[in-house]
>>> print(open('work-v5.txt').read())   # compact mmCIF, C-alpha atoms
# COMPACT_ATOMS: atom_id res chain seq x y z
CA MET A 153 -12.57 10.71 8.73
CA ARG A 154 -14.93 12.35 6.30
CA ALA A 155 -12.14 12.54 3.73
CA LEU A 156 -11.75 8.78 3.97
CA ALA A 157 -15.50 8.21 3.73
CA ARG A 158 -15.77 10.47 0.69
CA THR A 159 -12.86 8.86 -1.10
CA ILE A 160 -14.38 5.42 -0.57
CA THR A 161 -17.49 6.79 -2.27
CA LEU A 162 -15.40 7.81 -5.29
CA VAL A 163 -13.83 4.36 -5.37
CA GLU A 164 -17.25 2.69 -5.16
CA ARG A 165 -18.66 4.91 -7.83
CA ARG A 166 -15.67 4.13 -10.05
CA ASP A 167 -14.99 7.82 -10.49
CA PRO A 168 -12.17 8.45 -13.00
CA SER A 169 -10.34 10.49 -10.35
CA VAL A 170 -9.45 7.31 -8.43
CA ARG A 171 -6.65 6.92 -10.93
CA ASP A 172 -4.77 9.71 -9.20
CA LEU A 173 -5.00 7.83 -5.92
CA GLU A 174 -2.71 5.15 -7.22
CA GLU A 175 0.32 7.41 -7.35
CA ALA A 176 -0.60 9.13 -4.12
CA LEU A 177 -0.96 5.87 -2.21
CA ARG A 178 2.05 4.09 -3.61
CA SER A 179 4.40 5.44 -1.01
CA ASP A 180 2.06 4.38 1.79
CA ALA A 181 2.94 0.75 1.39
CA SER A 182 1.50 -0.31 4.74
CA THR A 183 -0.99 -2.97 3.74
CA PRO A 184 -3.44 -3.94 6.46
CA GLY A 185 -4.30 -7.56 7.20
CA VAL A 186 -7.49 -8.52 5.42
CA ALA A 187 -9.89 -11.14 6.77
CA GLY A 188 -13.17 -11.90 5.01
CA PHE A 189 -16.24 -13.27 6.82
CA THR A 190 -18.99 -14.93 4.85
CA GLY A 191 -21.94 -17.19 5.58
CA ALA A 192 -25.65 -17.65 5.09
CA PRO A 193 -28.04 -14.96 6.32
CA GLY A 194 -28.68 -15.27 10.05
CA THR A 195 -25.51 -17.13 10.96
CA GLY A 196 -24.37 -14.21 13.07
CA LYS A 197 -21.68 -12.75 10.86
CA SER A 198 -22.20 -9.17 11.97
CA THR A 199 -22.27 -10.16 15.63
CA LEU A 200 -19.14 -12.23 15.10
CA VAL A 201 -17.38 -9.36 13.35
CA ASP A 202 -18.46 -7.10 16.20
CA ALA A 203 -16.90 -9.55 18.69
CA VAL A 204 -13.69 -9.72 16.64
CA VAL A 205 -13.53 -5.92 16.54
CA THR A 206 -13.85 -5.90 20.34
CA HIS A 207 -11.04 -8.46 20.57
CA LEU A 208 -8.77 -6.45 18.28
CA ARG A 209 -9.50 -3.21 20.09
CA GLY A 210 -8.39 -4.97 23.26
CA LYS A 211 -5.05 -5.43 21.53
CA GLU A 212 -4.93 -1.74 20.59
CA LYS A 213 -5.37 -2.49 16.88
CA SER A 214 -7.36 -0.13 14.70
CA VAL A 215 -10.02 -1.88 12.63
CA ALA A 216 -12.02 -1.04 9.55
CA VAL A 217 -15.06 -3.09 8.58
CA LEU A 218 -16.41 -3.16 5.03
CA ALA A 219 -19.82 -4.81 5.20
CA THR A 220 -21.54 -5.82 1.98
CA ASP A 221 -25.25 -6.48 1.61
CA PRO A 222 -27.09 -7.31 -1.60
CA ASN A 223 -28.75 -4.66 -3.75
CA SER A 224 -32.09 -5.20 -5.37
CA PRO A 225 -31.44 -6.18 -8.98
CA PHE A 226 -34.60 -4.29 -9.97
CA THR A 227 -34.31 -0.92 -8.29
CA GLY A 228 -30.67 -0.85 -7.18
CA GLY A 229 -31.91 -0.06 -3.69
CA ALA A 230 -30.63 -1.81 -0.60
CA ILE A 231 -31.10 -2.08 3.11
CA LEU A 232 -27.67 -2.22 4.67
CA GLY A 233 -28.17 -3.44 8.22
CA ASP A 234 -24.82 -4.75 9.38
CA ARG A 235 -24.10 -1.67 11.47
CA ILE A 236 -26.91 -2.51 13.87
CA ARG A 237 -24.81 -5.21 15.52
CA MET A 238 -21.71 -3.05 15.68
CA GLN A 239 -23.06 0.17 17.12
CA ARG A 240 -21.23 -0.27 20.41
CA HIS A 241 -18.10 0.75 18.52
CA ALA A 242 -19.85 3.77 17.06
CA LEU A 243 -17.89 6.46 18.87
CA ASP A 244 -14.53 4.69 18.83
CA GLY A 245 -12.26 6.70 16.54
CA LYS A 246 -10.13 3.62 15.84
CA VAL A 247 -13.07 1.73 14.35
CA PHE A 248 -14.40 2.60 10.92
CA ILE A 249 -17.47 0.81 9.57
CA ARG A 250 -18.69 1.17 6.04
CA SER A 251 -21.67 -0.56 4.42
CA MET A 252 -21.48 -1.33 0.73
CA GLY A 253 -24.14 -2.43 -1.70
CA ALA A 254 -22.88 -5.46 -3.60
CA ARG A 255 -24.19 -4.38 -6.96
CA GLY A 256 -23.72 -0.67 -6.56
CA HIS A 257 -20.68 -0.47 -8.80
CA LEU A 258 -19.91 -1.15 -12.40
CA GLY A 259 -16.38 -2.42 -12.06
CA GLY A 260 -17.30 -5.22 -9.71
CA LEU A 261 -17.10 -5.43 -5.98
CA SER A 262 -13.56 -6.74 -5.80
CA LEU A 263 -12.08 -3.78 -7.63
CA ALA A 264 -13.76 -1.27 -5.35
CA THR A 265 -12.91 -3.34 -2.29
CA ARG A 266 -9.23 -3.60 -3.20
CA GLU A 267 -8.95 0.13 -3.62
CA ALA A 268 -10.85 0.75 -0.41
CA ILE A 269 -8.42 -1.56 1.44
CA ARG A 270 -5.44 0.36 0.09
CA LEU A 271 -7.05 3.60 1.23
CA LEU A 272 -7.72 2.22 4.69
CA GLY A 273 -4.08 1.16 4.87
CA ALA A 274 -3.00 4.66 3.97
CA PHE A 275 -5.26 6.01 6.70
CA GLY A 276 -3.40 3.80 9.17
CA PHE A 277 -5.81 0.96 9.83
CA ASP A 278 -4.09 -2.20 11.08
CA GLU A 279 -6.83 -4.65 10.19
CA VAL A 280 -9.57 -4.71 7.59
CA ILE A 281 -12.53 -7.05 7.98
CA LEU A 282 -14.77 -7.75 5.01
CA GLU A 283 -18.23 -9.05 5.73
CA THR A 284 -20.52 -10.42 3.07
CA VAL A 285 -23.64 -12.55 2.83
CA GLY A 286 -22.95 -15.88 1.20
CA VAL A 287 -25.81 -15.94 -1.25
CA GLY A 288 -23.85 -16.34 -4.43
CA GLN A 289 -23.55 -12.64 -5.12
CA SER A 290 -20.38 -11.41 -3.63
CA GLU A 291 -18.65 -13.91 -1.38
CA LEU A 292 -16.41 -15.25 -4.13
CA GLU A 293 -15.27 -11.76 -4.98
CA VAL A 294 -14.47 -11.19 -1.33
CA ALA A 295 -12.48 -14.42 -1.18
CA ALA A 296 -10.49 -13.09 -4.12
CA VAL A 297 -9.52 -10.06 -2.06
CA ALA A 298 -9.15 -11.34 1.51
CA ASP A 299 -5.96 -13.01 2.75
CA THR A 300 -8.01 -15.26 4.98
CA THR A 301 -11.61 -16.26 4.32
CA VAL A 302 -13.69 -17.26 7.33
CA VAL A 303 -16.87 -19.21 6.55
CA VAL A 304 -19.51 -18.95 9.25
CA LEU A 305 -21.96 -21.79 9.90
CA THR A 306 -24.45 -22.50 12.67
CA PRO A 307 -26.21 -25.57 14.04
CA ASN A 308 -29.59 -26.58 12.65
CA LEU A 309 -29.32 -24.51 9.53
CA GLY A 310 -30.29 -26.34 6.36
CA ASP A 311 -28.49 -23.59 4.54
CA SER A 312 -25.13 -24.79 5.80
CA VAL A 313 -25.45 -27.90 3.66
CA GLN A 314 -26.53 -25.73 0.76
CA MET A 315 -23.39 -23.66 1.20
CA ILE A 316 -21.21 -26.70 1.06
CA LYS A 317 -22.97 -27.80 -2.09
CA ALA A 318 -22.50 -24.41 -3.61
CA GLY A 319 -18.76 -24.71 -3.25
CA ILE A 320 -18.14 -22.45 -0.30
CA LEU A 321 -16.06 -25.26 1.15
CA GLU A 322 -13.23 -24.45 -1.23
CA ILE A 323 -12.96 -20.81 -0.29
CA ALA A 324 -12.78 -21.38 3.48
CA ASP A 325 -9.46 -20.96 5.25
CA VAL A 326 -11.15 -21.08 8.65
CA PHE A 327 -14.56 -22.50 9.56
CA VAL A 328 -16.57 -21.04 12.40
CA VAL A 329 -19.49 -22.84 13.96
CA ASN A 330 -21.20 -19.91 15.61
CA LYS A 331 -24.06 -20.22 18.12
CA SER A 332 -22.23 -23.23 19.53
CA ASP A 333 -24.34 -23.04 22.67
CA LEU A 334 -27.17 -24.54 20.61
CA ASP A 335 -27.83 -28.25 20.21
CA GLY A 336 -26.39 -29.75 17.07
CA HIS A 337 -23.12 -27.83 16.92
CA ALA A 338 -21.09 -31.01 17.26
CA ARG A 339 -22.89 -32.47 14.27
CA VAL A 340 -22.07 -29.46 12.09
CA ALA A 341 -18.41 -29.83 12.97
CA ALA A 342 -18.53 -33.57 12.27
CA GLU A 343 -20.19 -33.01 8.90
CA LEU A 344 -17.57 -30.45 8.01
CA ARG A 345 -14.77 -32.79 8.95
CA ALA A 346 -16.30 -35.54 6.83
CA MET A 347 -16.63 -33.17 3.89
CA MET A 348 -13.03 -32.07 4.21
CA ASN A 349 -11.82 -35.65 4.27
CA LEU A 350 -13.51 -36.18 0.92
CA ALA A 351 -12.02 -33.06 -0.62
CA PRO A 352 -8.61 -33.04 -2.30
CA LYS A 353 -5.79 -32.66 0.24
CA ARG A 354 -4.52 -29.15 0.71
CA VAL A 355 -1.43 -27.95 2.49
CA TRP A 356 -3.51 -25.77 4.79
CA LYS A 357 -6.23 -27.69 6.58
CA PRO A 358 -8.96 -25.24 7.60
CA PRO A 359 -9.53 -25.43 11.36
CA ILE A 360 -13.06 -25.53 12.77
CA ILE A 361 -13.63 -23.04 15.57
CA ALA A 362 -16.65 -23.06 17.87
CA THR A 363 -17.89 -19.62 18.91
CA VAL A 364 -20.74 -17.93 20.73
CA ALA A 365 -20.33 -14.43 19.39
CA THR A 366 -22.93 -12.85 21.67
CA ARG A 367 -20.88 -13.97 24.68
CA GLN A 368 -17.46 -13.30 23.15
CA GLU A 369 -16.67 -17.05 23.44
CA GLY A 370 -14.16 -18.61 21.09
CA ILE A 371 -13.19 -15.26 19.57
CA GLU A 372 -9.62 -15.45 20.77
CA GLN A 373 -9.25 -18.92 19.23
CA LEU A 374 -10.84 -17.64 16.04
CA TRP A 375 -8.41 -14.78 15.75
CA SER A 376 -5.46 -17.08 16.53
CA ALA A 377 -6.59 -19.27 13.62
CA VAL A 378 -6.69 -16.24 11.30
CA VAL A 379 -3.20 -15.22 12.41
CA ALA A 380 -1.95 -18.81 11.99
CA HIS A 381 -3.31 -18.87 8.44
CA ARG A 382 -1.60 -15.58 7.75
CA SER A 383 1.74 -16.98 8.96
CA HIS A 384 1.18 -20.04 6.81
CA LEU A 385 0.69 -17.81 3.75
CA GLU A 386 3.91 -15.99 4.49
CA ALA A 387 5.97 -19.07 5.28
CA SER A 388 4.79 -21.07 2.28
CA GLY A 389 5.41 -18.26 -0.18
CA ARG A 390 1.71 -18.26 -1.02
CA ALA A 391 1.35 -14.67 0.18
CA LYS A 392 3.77 -13.46 -2.46
CA GLU A 393 2.05 -15.55 -5.12
CA LEU A 394 -1.33 -14.14 -4.14
CA THR A 395 -0.09 -10.57 -4.26
CA GLU A 396 1.32 -11.06 -7.74
CA GLN A 397 -1.74 -12.90 -8.99
CA ARG A 398 -4.03 -10.20 -7.62
CA LEU A 399 -2.08 -7.40 -9.21
CA ARG A 400 -2.43 -9.17 -12.54
CA ASP A 401 -6.17 -9.73 -12.00
CA GLU A 402 -6.68 -6.17 -10.92
CA THR A 403 -4.87 -4.83 -13.97
CA ALA A 404 -7.11 -6.92 -16.21
CA GLU A 405 -10.18 -5.62 -14.42
CA VAL A 406 -9.05 -2.02 -14.68
CA ALA A 407 -8.29 -2.49 -18.37
CA ALA A 408 -11.79 -3.87 -18.90
CA GLU A 409 -13.24 -0.92 -17.06
CA LEU A 410 -11.29 1.59 -19.12
CA ALA A 411 -12.24 -0.14 -22.36
CA ARG A 412 -15.90 -0.20 -21.35
CA ARG A 413 -15.80 3.49 -20.60
CA ARG A 414 -14.15 4.27 -23.95
CA ALA A 415 -16.64 2.19 -25.88
CA ARG A 416 -19.62 3.90 -24.28
CA GLN A 417 -18.06 7.29 -24.94
CA ALA A 418 -17.24 6.47 -28.55
CA LEU A 419 -20.77 5.33 -29.29
CA GLU A 420 -22.07 8.52 -27.78
CA ASP A 421 -19.66 10.82 -29.61
CA ASP A 422 -19.89 9.13 -32.99
CA PRO A 423 -23.50 8.88 -34.21
CA THR A 424 -22.43 7.31 -37.52
CA LEU A 425 -20.71 4.48 -35.70
CA ALA A 426 -23.65 3.98 -33.36
CA GLU A 427 -26.08 3.94 -36.27
CA ARG A 428 -24.05 1.39 -38.18
CA LEU A 429 -23.89 -0.78 -35.08
CA LEU A 430 -27.66 -0.69 -34.77
CA GLN A 431 -28.15 -1.46 -38.46
CA ASP A 432 -25.62 -4.26 -38.80
CA GLY A 433 -25.83 -5.69 -35.29
CA THR A 434 -22.06 -6.20 -35.08
CA PRO A 435 -20.85 -5.60 -31.53
CA TYR A 436 -17.55 -7.49 -32.02
CA ARG A 437 -16.48 -5.54 -35.08
CA THR A 438 -17.56 -2.25 -33.54
CA ALA A 439 -15.72 -2.96 -30.28
CA GLU A 440 -12.52 -3.87 -32.12
CA GLU A 441 -12.79 -0.75 -34.21
CA ILE A 442 -13.24 1.45 -31.14
CA LEU A 443 -10.29 -0.12 -29.33
CA LYS A 444 -8.04 0.15 -32.39
CA ARG A 445 -9.04 3.71 -32.96
CA ASP A 446 -8.21 4.66 -29.38
CA ALA A 447 -4.88 2.93 -29.48
CA ASN A 448 -3.80 5.04 -32.44
CA ARG A 449 -4.73 8.27 -30.81
CA MET B 299 -21.44 11.26 -16.89
CA SER B 300 -23.10 8.48 -18.82
CA ALA B 301 -19.94 6.43 -18.72
CA THR B 302 -19.97 6.26 -14.93
CA ALA B 303 -22.54 4.56 -12.77
CA VAL B 304 -24.76 6.89 -10.82
CA ARG B 305 -24.52 5.83 -7.24
CA PRO B 306 -27.74 5.58 -5.28
CA VAL B 307 -28.42 8.26 -2.68
CA ARG B 308 -27.46 6.88 0.71
CA ILE B 309 -29.72 7.42 3.69
CA VAL B 310 -28.86 6.63 7.29
CA VAL B 311 -32.06 5.71 9.11
CA ALA B 312 -32.09 5.62 12.89
CA LYS B 313 -34.27 5.47 15.96
CA VAL B 314 -33.12 8.12 18.40
CA GLY B 315 -34.06 8.07 22.05
CA LEU B 316 -35.41 5.33 24.19
CA ASP B 317 -38.61 4.06 22.59
CA GLY B 318 -38.59 0.70 20.86
CA HIS B 319 -41.27 1.27 18.24
CA ASP B 320 -39.42 0.39 15.07
CA ARG B 321 -42.26 -0.83 12.90
CA GLY B 322 -42.68 2.57 11.27
CA VAL B 323 -39.02 3.10 10.55
CA LYS B 324 -38.72 -0.38 9.03
CA VAL B 325 -41.68 0.23 6.74
CA VAL B 326 -40.15 3.51 5.61
CA ALA B 327 -36.72 1.89 5.15
CA ARG B 328 -38.24 -0.75 2.94
CA ALA B 329 -40.14 1.82 0.86
CA LEU B 330 -36.93 3.78 0.34
CA ARG B 331 -35.12 0.61 -0.70
CA ASP B 332 -37.86 -0.14 -3.21
CA ALA B 333 -37.48 3.38 -4.54
CA GLY B 334 -33.82 2.63 -5.29
CA TYR B 335 -32.11 4.22 -2.31
CA GLU B 336 -29.35 2.62 -0.27
CA VAL B 337 -30.68 2.60 3.26
CA ILE B 338 -28.31 2.09 6.15
CA TYR B 339 -30.33 1.13 9.19
CA THR B 340 -28.52 1.60 12.48
CA GLY B 341 -31.13 0.28 14.88
CA LEU B 342 -32.69 1.32 18.15
CA ARG B 343 -31.64 3.69 20.94
CA GLN B 344 -29.14 5.77 19.04
CA THR B 345 -27.67 8.98 20.40
CA PRO B 346 -27.34 12.01 18.10
CA GLU B 347 -23.55 11.53 18.17
CA MET B 348 -23.86 7.91 17.01
CA VAL B 349 -26.24 8.82 14.20
CA VAL B 350 -24.03 11.59 12.88
CA ASP B 351 -20.93 9.44 13.18
CA ALA B 352 -22.59 6.68 11.15
CA ALA B 353 -23.74 9.17 8.50
CA LEU B 354 -20.19 10.50 8.15
CA GLN B 355 -18.57 7.07 7.89
CA GLU B 356 -21.20 5.94 5.42
CA ASP B 357 -20.90 9.17 3.41
CA ALA B 358 -24.68 9.47 3.49
CA GLN B 359 -26.43 12.49 2.03
CA VAL B 360 -29.51 12.11 4.20
CA ILE B 361 -30.38 11.20 7.79
CA GLY B 362 -33.88 9.93 8.51
CA LEU B 363 -34.90 9.93 12.17
CA SER B 364 -37.82 8.16 13.78
CA ILE B 365 -39.19 8.82 17.22
CA HIS B 366 -42.30 7.97 19.20
CA SER B 367 -41.25 8.88 22.69
CA GLY B 368 -42.09 12.58 22.56
CA ALA B 369 -38.47 13.67 22.91
CA HIS B 370 -38.27 14.97 19.33
CA MET B 371 -37.86 18.60 20.42
CA THR B 372 -34.64 17.64 22.18
CA LEU B 373 -33.23 14.92 19.98
CA PHE B 374 -33.95 16.15 16.43
CA PRO B 375 -32.26 19.53 16.96
CA ALA B 376 -29.43 17.72 18.78
CA VAL B 377 -28.69 15.81 15.57
CA VAL B 378 -28.67 19.06 13.59
CA GLU B 379 -26.35 20.63 16.18
CA GLU B 380 -24.01 17.64 16.05
CA LEU B 381 -23.86 17.97 12.25
CA LYS B 382 -22.86 21.61 12.70
CA ARG B 383 -20.19 20.64 15.20
CA ARG B 384 -18.80 18.06 12.75
CA GLN B 385 -19.02 20.56 9.88
CA ALA B 386 -21.41 18.40 7.94
CA THR B 387 -24.43 20.64 7.52
CA ASP B 388 -24.75 19.52 3.91
CA ILE B 389 -26.36 16.34 5.22
CA VAL B 390 -30.15 16.69 5.06
CA VAL B 391 -32.14 15.66 8.15
CA PHE B 392 -35.76 14.57 8.02
CA GLY B 393 -37.88 12.91 10.65
CA GLY B 394 -41.05 11.05 11.36
CA GLY B 395 -43.19 10.12 14.30
CA ILE B 396 -46.07 11.36 16.39
CA ILE B 397 -45.23 15.03 16.29
CA PRO B 398 -47.70 17.90 16.88
CA ASP B 399 -48.10 20.57 14.17
CA ASP B 400 -46.80 23.34 16.42
CA ASP B 401 -43.60 21.42 17.01
CA ILE B 402 -43.11 20.80 13.29
CA ALA B 403 -42.82 24.53 12.60
CA THR B 404 -40.25 24.92 15.37
CA LEU B 405 -38.24 21.89 14.25
CA LYS B 406 -38.08 23.21 10.70
CA LYS B 407 -36.84 26.53 12.00
CA ARG B 408 -34.13 24.65 13.85
CA GLY B 409 -32.82 22.94 10.76
CA VAL B 410 -34.88 19.78 10.26
CA ALA B 411 -35.75 19.76 6.57
CA GLU B 412 -39.06 17.90 6.74
CA ILE B 413 -41.31 16.02 9.16
CA PHE B 414 -43.68 13.23 8.18
CA THR B 415 -46.47 12.29 10.57
CA PRO B 416 -48.47 9.06 10.87
CA GLY B 417 -50.68 8.40 7.86
CA THR B 418 -48.29 9.96 5.35
CA PRO B 419 -48.36 7.92 2.13
CA LEU B 420 -44.92 6.37 1.59
CA GLN B 421 -44.84 7.79 -1.92
CA GLU B 422 -44.93 11.28 -0.43
CA ILE B 423 -41.63 10.64 1.35
CA VAL B 424 -40.10 9.23 -1.84
CA ASP B 425 -41.37 12.19 -3.88
CA TRP B 426 -39.87 14.59 -1.37
CA LEU B 427 -36.47 12.87 -1.61
CA ARG B 428 -36.64 12.87 -5.41
CA MET B 429 -37.28 16.59 -5.27
CA ARG B 430 -34.35 17.17 -2.90
CA PHE B 431 -31.97 14.99 -4.95
CA PRO B 432 -33.06 15.30 -8.55
CA GLU B 433 -29.58 14.70 -9.97
CA SER B 434 -29.52 11.13 -8.68
CA THR B 435 -31.47 9.56 -11.51
CA GLN B 436 -32.80 6.43 -9.88
CA LYS B 437 -33.57 3.54 -12.13
>>> encode(input="work-v5.txt", output="structure tokens")
Amino acid sequence: MRALARTITLVERRDPSVRDLEEALRSDASTPGVAGFTGAPGTGKSTLVDAVVTHLRGKEKSVAVLATDPNSPFTGGAILGDRIRMQRHALDGKVFIRSMGARGHLGGLSLATREAIRLLGAFGFDEVILETVGVGQSELEVAAVADTTVVVLTPNLGDSVQMIKAGILEIADVFVVNKSDLDGHARVAAELRAMMNLAPKRVWKPPIIATVATRQEGIEQLWSAVVAHRSHLEASGRAKELTEQRLRDETAEVAAELARRRARQALEDDPTLAERLLQDGTPYRTAEEILKRDANR
Amino acid sequence: MSATAVRPVRIVVAKVGLDGHDRGVKVVARALRDAGYEVIYTGLRQTPEMVVDAALQEDAQVIGLSIHSGAHMTLFPAVVEELKRRQATDIVVFGGGIIPDDDIATLKKRGVAEIFTPGTPLQEIVDWLRMRFPESTQK
């Protein structure tokens, strides 16, 4: 378990040694199912994820949770508190929980997350759950990685309207109205339905599931919806499309990362080049020169 | 290593034992966050096994324990013992709470790296961590 935890650190840190993982993991083609949970702070995402983990453990599935919280843009520090709600699974060897700072890595969250998912697959996890706060930092990156994106809302939360405005509607494959024991849950569902009717028609119509995560209510229906969406992806050929698209995206991201690394190195190793850059103020020309130079090597 | 991002030091912070006084631990967690550390807070009523398990999964370099129930002589060494059992003695354990001076000496002998008592300036805790992990240049 510590080996897994340490390797995820390397992946997060964008250590150059992660390159060697690619070859090592290629034979372990078992890709876990990936569901992403996002929503405004306080909607009960962690509690919901905890309930889903309980549900999956009841079906003898092993589950890994990657929970992302924002980092301070000023100090890089973070308080990662998603574990608090999941501590009842603490000593279950088939549950692995890892907290990630959203801004802790250079290459972007999605790159690190994708590699972490591959690792978790190689370590035999059946399901991976991504959890992220929908505050405009990281939920879109998570949607780019997850097969199914679950957007969590609650009654009486002004933020839910804000989320719809911010375009979270488009990334949802499943809507959850959590805390559905509170007044106003029917209105949230009605508003959602109205919003969806205004949106362009899609082949997959996101279902709206009512849950009370603290009482494990609606969790089975929620998971059935995730599984149904997964089958839809497979049946419609969208799953294959997504896989191909993501491999292309990932390659572009890795290329950018490698180029960035080379450029920094070149400017460090070549004082003449760095000096000229500072004098002339020509980042484009310098970048092109560095890339050309490396290609000829 | 300038081409790679330096990852913040990760600290698992936990309340062990049965008391529910988490004001102190939250204040410390916040101070550590502001100092650029990634703090993973695991909440109240944690057993030593749970704390160590979380630290391993999170690949944390440090465990910070808080206690106000008086059971520190049992629970702090139990965390150190659990780290030994899991072959993870590289993880540094420090603690805080209402702890008598005599006990502090004993706890340090038993593998707790440092103890901070009420009234400790937060900066002192940060300075101590900076000293223990100088290579992690925090921004």
>>> atom_distance(input="work-v5.txt", atom1="CA of Gly233 in chain A", atom2="CA of Ala274 in chain A")
26.8 Å
>>> closest_residue(input="work-v5.txt", among="B:Thr415, B:Thr387, B:Gln421, B:Thr372", to="Pro346 in chain B", atoms="all atoms listed in the file")
B:Thr372
>>> interface_residues(input="work-v5.txt", of="chain B", to="chain A", cutoff="12 Å", atoms="all atoms listed in the file", output="PDB file with C-alpha atoms, in the frame of the given file")
ATOM      1  CA  MET B 299     -21.440  11.260 -16.890  1.00  0.00           C
ATOM      2  CA  SER B 300     -23.100   8.480 -18.820  1.00  0.00           C
ATOM      3  CA  ALA B 301     -19.940   6.430 -18.720  1.00  0.00           C
ATOM      4  CA  THR B 302     -19.970   6.260 -14.930  1.00  0.00           C
ATOM      5  CA  ALA B 303     -22.540   4.560 -12.770  1.00  0.00           C
ATOM      6  CA  VAL B 304     -24.760   6.890 -10.820  1.00  0.00           C
ATOM      7  CA  ARG B 305     -24.520   5.830  -7.240  1.00  0.00           C
ATOM      8  CA  PRO B 306     -27.740   5.580  -5.280  1.00  0.00           C
ATOM      9  CA  VAL B 307     -28.420   8.260  -2.680  1.00  0.00           C
ATOM     10  CA  ARG B 308     -27.460   6.880   0.710  1.00  0.00           C
ATOM     11  CA  ILE B 309     -29.720   7.420   3.690  1.00  0.00           C
ATOM     12  CA  VAL B 310     -28.860   6.630   7.290  1.00  0.00           C
ATOM     13  CA  VAL B 311     -32.060   5.710   9.110  1.00  0.00           C
ATOM     14  CA  ALA B 312     -32.090   5.620  12.890  1.00  0.00           C
ATOM     15  CA  LYS B 313     -34.270   5.470  15.960  1.00  0.00           C
ATOM     16  CA  LYS B 324     -38.720  -0.380   9.030  1.00  0.00           C
ATOM     17  CA  VAL B 325     -41.680   0.230   6.740  1.00  0.00           C
ATOM     18  CA  VAL B 326     -40.150   3.510   5.610  1.00  0.00           C
ATOM     19  CA  ALA B 327     -36.720   1.890   5.150  1.00  0.00           C
ATOM     20  CA  ARG B 328     -38.240  -0.750   2.940  1.00  0.00           C
ATOM     21  CA  ALA B 329     -40.140   1.820   0.860  1.00  0.00           C
ATOM     22  CA  LEU B 330     -36.930   3.780   0.340  1.00  0.00           C
ATOM     23  CA  ARG B 331     -35.120   0.610  -0.700  1.00  0.00           C
ATOM     24  CA  ASP B 332     -37.860  -0.140  -3.210  1.00  0.00           C
ATOM     25  CA  ALA B 333     -37.480   3.380  -4.540  1.00  0.00           C
ATOM     26  CA  GLY B 334     -33.820   2.630  -5.290  1.00  0.00           C
ATOM     27  CA  TYR B 335     -32.110   4.220  -2.310  1.00  0.00           C
ATOM     28  CA  GLU B 336     -29.350   2.620  -0.270  1.00  0.00           C
ATOM     29  CA  VAL B 337     -30.680   2.600   3.260  1.00  0.00           C
ATOM     30  CA  ILE B 338     -28.310   2.090   6.150  1.00  0.00           C
ATOM     31  CA  TYR B 339     -30.330   1.130   9.190  1.00  0.00           C
ATOM     32  CA  THR B 340     -28.520   1.600  12.480  1.00  0.00           C
ATOM     33  CA  GLY B 341     -31.130   0.280  14.880  1.00  0.00           C
ATOM     34  CA  LEU B 342     -32.690   1.320  18.150  1.00  0.00           C
ATOM     35  CA  ARG B 343     -31.640   3.690  20.940  1.00  0.00           C
ATOM     36  CA  GLN B 344     -29.140   5.770  19.040  1.00  0.00           C
ATOM     37  CA  THR B 345     -27.670   8.980  20.400  1.00  0.00           C
ATOM     38  CA  PRO B 346     -27.340  12.010  18.100  1.00  0.00           C
ATOM     39  CA  GLU B 347     -23.550  11.530  18.170  1.00  0.00           C
ATOM     40  CA  MET B 348     -23.860   7.910  17.010  1.00  0.00           C
ATOM     41  CA  VAL B 349     -26.240   8.820  14.200  1.00  0.00           C
ATOM     42  CA  VAL B 350     -24.030  11.590  12.880  1.00  0.00           C
ATOM     43  CA  ASP B 351     -20.930   9.440  13.180  1.00  0.00           C
ATOM     44  CA  ALA B 352     -22.590   6.680  11.150  1.00  0.00           C
ATOM     45  CA  ALA B 353     -23.740   9.170   8.500  1.00  0.00           C
ATOM     46  CA  LEU B 354     -20.190  10.500   8.150  1.00  0.00           C
ATOM     47  CA  GLN B 355     -18.570   7.070   7.890  1.00  0.00           C
ATOM     48  CA  GLU B 356     -21.200   5.940   5.420  1.00  0.00           C
ATOM     49  CA  ASP B 357     -20.900   9.170   3.410  1.00  0.00           C
ATOM     50  CA  ALA B 358     -24.680   9.470   3.490  1.00  0.00           C
ATOM     51  CA  GLN B 359     -26.430  12.490   2.030  1.00  0.00           C
ATOM     52  CA  ARG B 384     -18.800  18.060  12.750  1.00  0.00           C
ATOM     53  CA  GLN B 385     -19.020  20.560   9.880  1.00  0.00           C
ATOM     54  CA  ALA B 386     -21.410  18.400   7.940  1.00  0.00           C
ATOM     55  CA  THR B 435     -31.470   9.560 -11.510  1.00  0.00           C
ATOM     56  CA  GLN B 436     -32.800   6.430  -9.880  1.00  0.00           C
ATOM     57  CA  LYS B 437     -33.570   3.540 -12.130  1.00  0.00           C
TER      58      LYS B 437
END
>>> closest_residue(input="work-v5.txt", among="A:Val163, A:Glu267, A:Ile281, A:Thr183", to="Val215 in chain A", atoms="only C-alpha atoms")
A:Ile281
>>> atom_distance(input="work-v5.txt", atom1="CA of Ala295 in chain A", atom2="CA of Val170 in chain A")
23.1 Å
>>> atom_distance(input="work-v5.txt", atom1="CA of Ala403 in chain B", atom2="CA of Ile389 in chain B")
19.8 Å
>>> residues_around(input="work-v5.txt", residues="range 391-399 of chain B", least_positions_apart="3", cutoff="8 Å", atoms="only C-alpha atoms", output="list of chain:residue names")
B:Val360, B:Ile361, B:Gly362, B:Leu363, B:Ser364, B:Ile365, B:His366, B:Gly368, B:His370, B:Phe374, B:Val378, B:Ile402, B:Ala403, B:Gly409, B:Val410, B:Ala411, B:Glu412, B:Ile413, B:Phe414, B:Thr415, B:Pro416
